[in-house]
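**Q** Provided herewith is a single structure, encoded as structure tokens, for subsequent inquiry.
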Amino acid sequence: MTFKYPDAEMWLFGAWVVMSCLCLVQAELYTAITDLEDLLDTEAMFMETLDRYIEREEKKIERLKRKADEYRKEHALASSDVSEYLSNPLNAYLLVKRLTTDWTTTESLMTEQTSLDEAQHNFTEIKRFMKFPTDEDLTGAAAALIRLQDTYDMDTSSLAKGELMGVKYTTQLSASDCFELGRQSYNSLDYHHTRLWMTEALARQEQELRQNSNKTETPKWEILEYLAYSTYMEGNVKTALDMTNELLQLYPEHERAQGNKAYYISVIDKESNNKIEIEEVEQTNAKPFDRAPTEKELYEMSCRGAVSPPKEIQAKLKCRYVSSSPFTRLARLKEEEAYLEPRILLYRDVMYDSEIEVIKRLATPRLKRATVQNFKTGALETASYRISKSAWLSNIEDEVVARVSRRVEDLSGLTTETSEELQVVNYGIGGHYEPHFDFARADEVNAFKSLGTGNRIATILFYMSDVAQGGATAFPDLKLALSPQKGTAAVWMNLHANGEGDVRTRHAACPVLAGSKWVSNKWLHVVGQEFLRPCTLDPTV
Ligand SMILES: O=C(O)CCC(=O)C(=O)O
Ligand SMILES: [Fe+2]
């Protein structure tokens with residue numbers, strides 16, 4: 001890549017060498033924090049190019065100002081006594097010269113484009129060789145924010161003010177930021193969030209105008225257009241008509257709004273001719289539960305701590321030190337019961353910071369958008385219900401990975417001979433994994449078939465980071481949420497002793513609200529555990 005600013009070249013080239021190997025594949029940057037960090041480097045290069053462009057343009061304007069001063073002075077002199085001035089042959093010559101060759105030079109200075117061309121060239125090169133977000137990334141980032149809003153039940157205005165579940169951050173969203181979220185929701189046909197964010201955009205815009213801030217970029221009529229339409233789509237035609245009237249006061253020639261107005265009036269007329277009272281839908285965020293909550297609602301409630309296991313169950317939970325193997329006799333395990341039936345155990349401080357660093361370092365260059373198995377076909381696919389980046393590490397790659405496998409055996413009393421490799425996962429903001437089973441169900445015939453090791457009998461989930469906010473592992477049916485604590489492992493059996501899947505283990509990774517989440521999974525399989533966990537025909541075990 002060639003850069004046109006000579007002294008920028010060395011720095012840019014250095015950055016390019018580092019970045020170019022990482023950056024040729026550009027997609028889904030929002031899925032992991034590690035990728036977002038690279039975007040800051042891209043932004044730094046954009047800023048450098050912009051600063052240089054401004055500097056050059058300012059120099060140009062300075063030169064033009066000096067020229068204008070010269071013209072003004074000479075012109076004033078001439079005007080003070082025109083005939084006297086022009087009677088001098090030198091002045092007559094200079095006047096003609098000023099308006100010919102001189103003026104041509106001035107004009108070409110005005111229209112000179114080199115700094116613009118160079119800046120544009122540099123922008124193109126940066127976009128080609130550095131990580132650069134796509135429209136898909138913007139859609140994904142907006143969807144992640146909306147997912148967080150829903151899961152953690154955050155009201156639009158608090159979120160726009162930077163309040164995340166009671167924690168106040170300094171970043172706020174401007175009217176145009178809110179407008180963009182509304183527009184993204186509109187493009188996803190999500191009229192509920194379109195209305196919420198366009199309402200907020202209007203409120204913010206009024207505030208910005210009151211504060212005389214020059215932030216306001218989106219015309220009010222445009223916000224009103226989205227707001228009116230989403231309001232109509234949500235069933236409130238009268239309010240939609242009022243909003244469209246307001247829009248037309250600001251922009252009377254707006255043809256689409258004129259059409260919509262006529263349409264809304266016709267809907268209202270038709271209803272009143274039929275003597276049907278139009279019921280304006282009450283628009284609130286509240287979700288009244290006059291019915292049993294759906295799994296999604298239970299999942300979201302577990303994530304935000306709005307539900308928890310019954311007190312009787314919690315009262316029975318114990319914690320203890322255990323030593324079941326040579327290793328754990330030396331370093332006794334801190335075992336905590338998180339749930340009894342099914343048994344979900346937490347082991348504290350079983351992965352050390354130094355081990356976590358090695359695992360993260362090995363996994364980082366290999367992180368790819370996580371896939372889920374299409375259990376019907378066996379194919380691996382990306383899916384919006386699982387948003388994270390993951391990589392697999394094998395025991396032979398590093399002693400630390402092998403050591404983690406041995407620790408898994410100590411924790412579970414099972415063998416890792418037939419297990420999958422260690423799956424390392426990094427979730428960015430909004431990263432999540434919706435409710436799922438780790439085991440394959442009866443109809444998912446192709447799952448693990450090629451491995452020949454049977455179903456996933458147990459899950460050992462290591463938390464490799466704390467998470468500032470959100471990111472719990474939720475078990476919706478149990479109303480249980482495990483909050484990540486660096487170094488802790490969660491362990492549970494996915495199968496009953498008769499080999500049937502235990503549906504109570506259905507679980508999810510709640511969206512990360514603030515911070516970044518690292519975990520690793522070790523999935524143990526059935527084959528090889530025959531003597532370690534004997535099977536029974538009793539379906540209750
Ligand atoms: O990240 C978590 O909390 C759970 C991850 C999980 O369930 C999975 O990867 O299967
Ligand atoms: Fe899972």
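So you can find residues: chains in the structure tokens are A, B, ... in the order shown, residues in each start at 1, and ligands are numbered from 1 in order.
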Check every protein, DNA and RNA residue against ligand 2, keep those with an atom at most 7 Å away (counting only C-alpha atoms and all ligand atoms), and present them as a ChimeraX atom specification.
**A** /A:436-438,507-508
**Q** Got a sec: who's within 10 Å of A:Met165, counting only C-alpha atoms, leaving out chain neighbours fewer than 5 positions off, as a count of residues only?
**A** 11
**Q** Check which residues fall inside 7 Å of ligand 1 when counting only C-alpha atoms and all ligand atoms, and print them as an NGL selection string.
**A** :A and (433 or 438 or 471-473 or 507-510 or 519 or 521)
**Q** Selected residues, N, CA and C atoms, written as a compact mmCIF listing (two decimals), in the first residue's frame, please.
**A**
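Okay, out.txt is ready:
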# COMPACT_ATOMS: atom_id res chain seq x y z
N TYR A 433 -25.46 -16.79 24.05
CA TYR A 433 -25.79 -18.11 23.47
C TYR A 433 -27.14 -18.47 24.06
N ASP A 438 -26.42 -29.12 25.82
CA ASP A 438 -25.09 -29.47 25.33
C ASP A 438 -25.11 -30.87 24.69
N GLY A 471 -23.58 -11.51 31.31
CA GLY A 471 -22.74 -12.66 30.95
C GLY A 471 -22.88 -13.88 31.85
N ALA A 472 -23.94 -13.95 32.65
CA ALA A 472 -24.12 -15.13 33.51
C ALA A 472 -24.45 -16.36 32.66
N THR A 473 -24.30 -17.55 33.26
CA THR A 473 -24.79 -18.77 32.62
C THR A 473 -26.16 -19.04 33.26
N HIS A 507 -29.55 -24.64 29.18
CA HIS A 507 -28.88 -23.45 29.73
C HIS A 507 -28.51 -22.48 28.62
N ALA A 508 -28.03 -21.30 29.03
CA ALA A 508 -27.74 -20.24 28.05
C ALA A 508 -26.63 -19.35 28.58
N ALA A 509 -25.95 -18.67 27.66
CA ALA A 509 -24.99 -17.64 28.08
C ALA A 509 -25.68 -16.30 27.91
N CYS A 510 -25.92 -15.60 29.02
CA CYS A 510 -26.62 -14.30 28.96
C CYS A 510 -25.75 -13.27 28.24
N VAL A 519 -14.53 -17.87 28.39
CA VAL A 519 -14.77 -19.15 29.05
C VAL A 519 -14.06 -20.24 28.24
N ASN A 521 -14.70 -24.59 27.51
CA ASN A 521 -15.57 -25.74 27.73
C ASN A 521 -14.81 -27.03 27.51
**Q** Give me, as a list in words, the residues of stretch 387-446 of chain A that a backbone DSSP run labels alpha helix (DSSP H).
**A** Glu399, Val400, Val401, Ala402, Arg403, Val404, Ser405, Arg406, Arg407, Val408, Glu409, Asp410, Leu411 and Ser412 of chain A
**Q** Using C-alpha atoms, can you write the selected residues to a file as an mmCIF file, in the first residue's frame?
**A**
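Ended up saving to result_21.cif:
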data_model
loop_
_atom_site.group_PDB
_atom_site.id
_atom_site.type_symbol
_atom_site.label_atom_id
_atom_site.label_comp_id
_atom_site.auth_asym_id
_atom_site.auth_seq_id
_atom_site.Cartn_x
_atom_site.Cartn_y
_atom_site.Cartn_z
ATOM 1 C CA GLU A 399 1.437 -28.495 28.617
ATOM 2 C CA VAL A 400 -1.109 -26.063 30.102
ATOM 3 C CA VAL A 401 -3.908 -27.464 27.910
ATOM 4 C CA ALA A 402 -2.975 -31.029 28.931
ATOM 5 C CA ARG A 403 -2.873 -29.934 32.582
ATOM 6 C CA VAL A 404 -6.396 -28.512 32.278
ATOM 7 C CA SER A 405 -7.567 -31.888 30.930
ATOM 8 C CA ARG A 406 -6.063 -33.659 33.955
ATOM 9 C CA ARG A 407 -7.789 -31.156 36.223
ATOM 10 C CA VAL A 408 -11.098 -31.905 34.497
ATOM 11 C CA GLU A 409 -10.606 -35.567 35.414
ATOM 12 C CA ASP A 410 -9.913 -34.586 39.021
ATOM 13 C CA LEU A 411 -13.040 -32.445 39.174
ATOM 14 C CA SER A 412 -15.393 -34.871 37.518
#
**Q** Tell me which protein, DNA and RNA residues are within 12 Å of A:Lys517, counting only C-alpha atoms, leaving out same-chain ones fewer than 5 positions away, and put them as JSON, numbers by chain.
**A** {"A": [31, 32, 33, 34, 360, 387, 388, 389, 390, 424, 425, 426, 427, 428, 429, 430, 431, 432, 462, 463, 464, 465, 466, 467, 468, 469, 470, 471, 472, 473, 483, 484, 485, 486, 509, 510, 511, 512]}
**Q** Could you tell me how far atom CA of A:Tyr232 lies from atom CA of A:Gly259, in Å and to one decimal?
**A**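 Distance reported for this atom pair: 13.8 Å.
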**Q** Nearest residue to A:His254 out of A:Ile359, A:Leu224, A:Ala292, A:Val82, using only C-alpha atoms?
**A** A:Leu224
**Q** Could you go through stretch 356-404 of chain A and tell me which residues DSSP, when run on the backbone, assigns to strand (DSSP E or B), listing them as a list of chain:residue names?
**A**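 The strand (DSSP E or B) residues within stretch 356-404 of chain A come out as A:Lys368, A:Arg369, A:Val372, A:Gln373, A:Leu380, A:Glu381, A:Ala383, A:Arg386, A:Ile387, A:Lys389, A:Ser390, A:Ala391, A:Trp392, A:Leu393.
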**Q** Please dump the current selection as a PDB file, in the first residue's frame; keep N, CA and C atoms.
**A**
ATOM      1  N   LYS A 368     -12.599 -17.621  15.862  1.00  0.00           N
ATOM      2  CA  LYS A 368     -13.484 -17.476  14.689  1.00  0.00           C
ATOM      3  C   LYS A 368     -14.903 -17.425  15.199  1.00  0.00           C
ATOM      4  N   ARG A 369     -15.777 -16.789  14.434  1.00  0.00           N
ATOM      5  CA  ARG A 369     -17.189 -16.759  14.812  1.00  0.00           C
ATOM      6  C   ARG A 369     -17.654 -18.177  15.150  1.00  0.00           C
ATOM      7  N   VAL A 372     -22.648 -23.485  15.344  1.00  0.00           N
ATOM      8  CA  VAL A 372     -23.469 -24.480  16.037  1.00  0.00           C
ATOM      9  C   VAL A 372     -23.687 -25.619  15.049  1.00  0.00           C
ATOM     10  N   GLN A 373     -23.857 -26.812  15.605  1.00  0.00           N
ATOM     11  CA  GLN A 373     -24.016 -27.949  14.706  1.00  0.00           C
ATOM     12  C   GLN A 373     -25.481 -28.087  14.299  1.00  0.00           C
ATOM     13  N   LEU A 380     -21.682 -27.538  10.360  1.00  0.00           N
ATOM     14  CA  LEU A 380     -21.477 -26.435  11.307  1.00  0.00           C
ATOM     15  C   LEU A 380     -21.916 -25.133  10.650  1.00  0.00           C
ATOM     16  N   GLU A 381     -22.704 -24.342  11.390  1.00  0.00           N
ATOM     17  CA  GLU A 381     -23.245 -23.098  10.811  1.00  0.00           C
ATOM     18  C   GLU A 381     -23.149 -21.974  11.831  1.00  0.00           C
ATOM     19  N   ALA A 383     -24.989 -18.786  13.692  1.00  0.00           N
ATOM     20  CA  ALA A 383     -26.403 -18.509  13.981  1.00  0.00           C
ATOM     21  C   ALA A 383     -26.493 -17.308  14.905  1.00  0.00           C
ATOM     22  N   ARG A 386     -26.213 -17.630  18.664  1.00  0.00           N
ATOM     23  CA  ARG A 386     -24.932 -17.819  19.344  1.00  0.00           C
ATOM     24  C   ARG A 386     -23.945 -16.809  18.790  1.00  0.00           C
ATOM     25  N   ILE A 387     -23.620 -15.790  19.585  1.00  0.00           N
ATOM     26  CA  ILE A 387     -22.708 -14.770  19.076  1.00  0.00           C
ATOM     27  C   ILE A 387     -21.484 -14.668  19.971  1.00  0.00           C
ATOM     28  N   LYS A 389     -16.831 -15.653  19.678  1.00  0.00           N
ATOM     29  CA  LYS A 389     -15.761 -16.213  18.836  1.00  0.00           C
ATOM     30  C   LYS A 389     -15.108 -17.346  19.604  1.00  0.00           C
ATOM     31  N   SER A 390     -14.761 -18.404  18.894  1.00  0.00           N
ATOM     32  CA  SER A 390     -14.197 -19.537  19.622  1.00  0.00           C
ATOM     33  C   SER A 390     -13.050 -20.187  18.855  1.00  0.00           C
ATOM     34  N   ALA A 391     -12.268 -20.954  19.594  1.00  0.00           N
ATOM     35  CA  ALA A 391     -11.134 -21.689  19.008  1.00  0.00           C
ATOM     36  C   ALA A 391     -10.972 -22.978  19.812  1.00  0.00           C
ATOM     37  N   TRP A 392     -10.394 -23.971  19.179  1.00  0.00           N
ATOM     38  CA  TRP A 392     -10.202 -25.267  19.858  1.00  0.00           C
ATOM     39  C   TRP A 392      -8.725 -25.484  20.130  1.00  0.00           C
ATOM     40  N   LEU A 393      -8.404 -25.959  21.328  1.00  0.00           N
ATOM     41  CA  LEU A 393      -7.003 -26.240  21.669  1.00  0.00           C
ATOM     42  C   LEU A 393      -6.852 -27.711  22.050  1.00  0.00           C
TER      43      LEU A 393
END
**Q** Suppose you want the space between atom CA of A:Ala142 and atom CA of A:Leu209; what is it in Å?
**A** 25.3 Å
**Q** One decimal, in Å: what's the spacing between atom CA of A:Phe46 and atom CA of A:Ala144?
**A** 25.4 Å
**Q** Using only C-alpha atoms, I'd like a table of the residues in stretch 398-490 of chain A that come within 6 Å of stretch 346-349 of chain A; for each, show the closest atom pair and its distance in Å rounded to one decimal, ordered by chain and ascending number, as a tab-separated table.
**A**
residue	atom	partner	partner_atom	distance
A:Gly487	CA	A:Asp349	CA	4.6
A:Thr488	CA	A:Arg348	CA	4.4
A:Ala489	CA	A:Tyr347	CA	5.1
A:Ala490	CA	A:Leu346	CA	4.5
**Q** Find the residue from A:Glu300, A:Glu37, A:Asp477, A:Glu420 that sits nearest to A:Asp150; use only C-alpha atoms when measuring.
**A**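 Ranked by minimum distance to A:Asp150, first place goes to A:Glu300.
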**Q** Name all residues at most 12 Å from stretch 55-66 of chain A (count only C-alpha atoms; drop same-chain ones fewer than 6 positions away) and give them as a PyMOL selection string.
**A** chain A and resi 5+48-49+72-73+103+105-119
**Q** Hey, what's within 6 Å of stretch 310-324 of chain A if we count only C-alpha atoms and toss same-chain stuff fewer than 5 positions away? As a VMD selection string, please?
**A** chain A and resid 329 332 to 337
**Q** Export, as an mmCIF file, in the first residue's frame, the selected residues with C-alpha atoms.
**A**
data_model
loop_
_atom_site.group_PDB
_atom_site.id
_atom_site.type_symbol
_atom_site.label_atom_id
_atom_site.label_comp_id
_atom_site.auth_asym_id
_atom_site.auth_seq_id
_atom_site.Cartn_x
_atom_site.Cartn_y
_atom_site.Cartn_z
ATOM 1 C CA ARG A 329 -5.451 -34.376 48.153
ATOM 2 C CA ARG A 332 -8.208 -29.578 48.141
ATOM 3 C CA LEU A 333 -11.000 -28.402 45.897
ATOM 4 C CA LYS A 334 -13.456 -25.763 47.020
ATOM 5 C CA GLU A 335 -16.740 -27.294 45.925
ATOM 6 C CA GLU A 336 -20.003 -25.332 46.041
ATOM 7 C CA GLU A 337 -23.425 -26.678 45.188
#
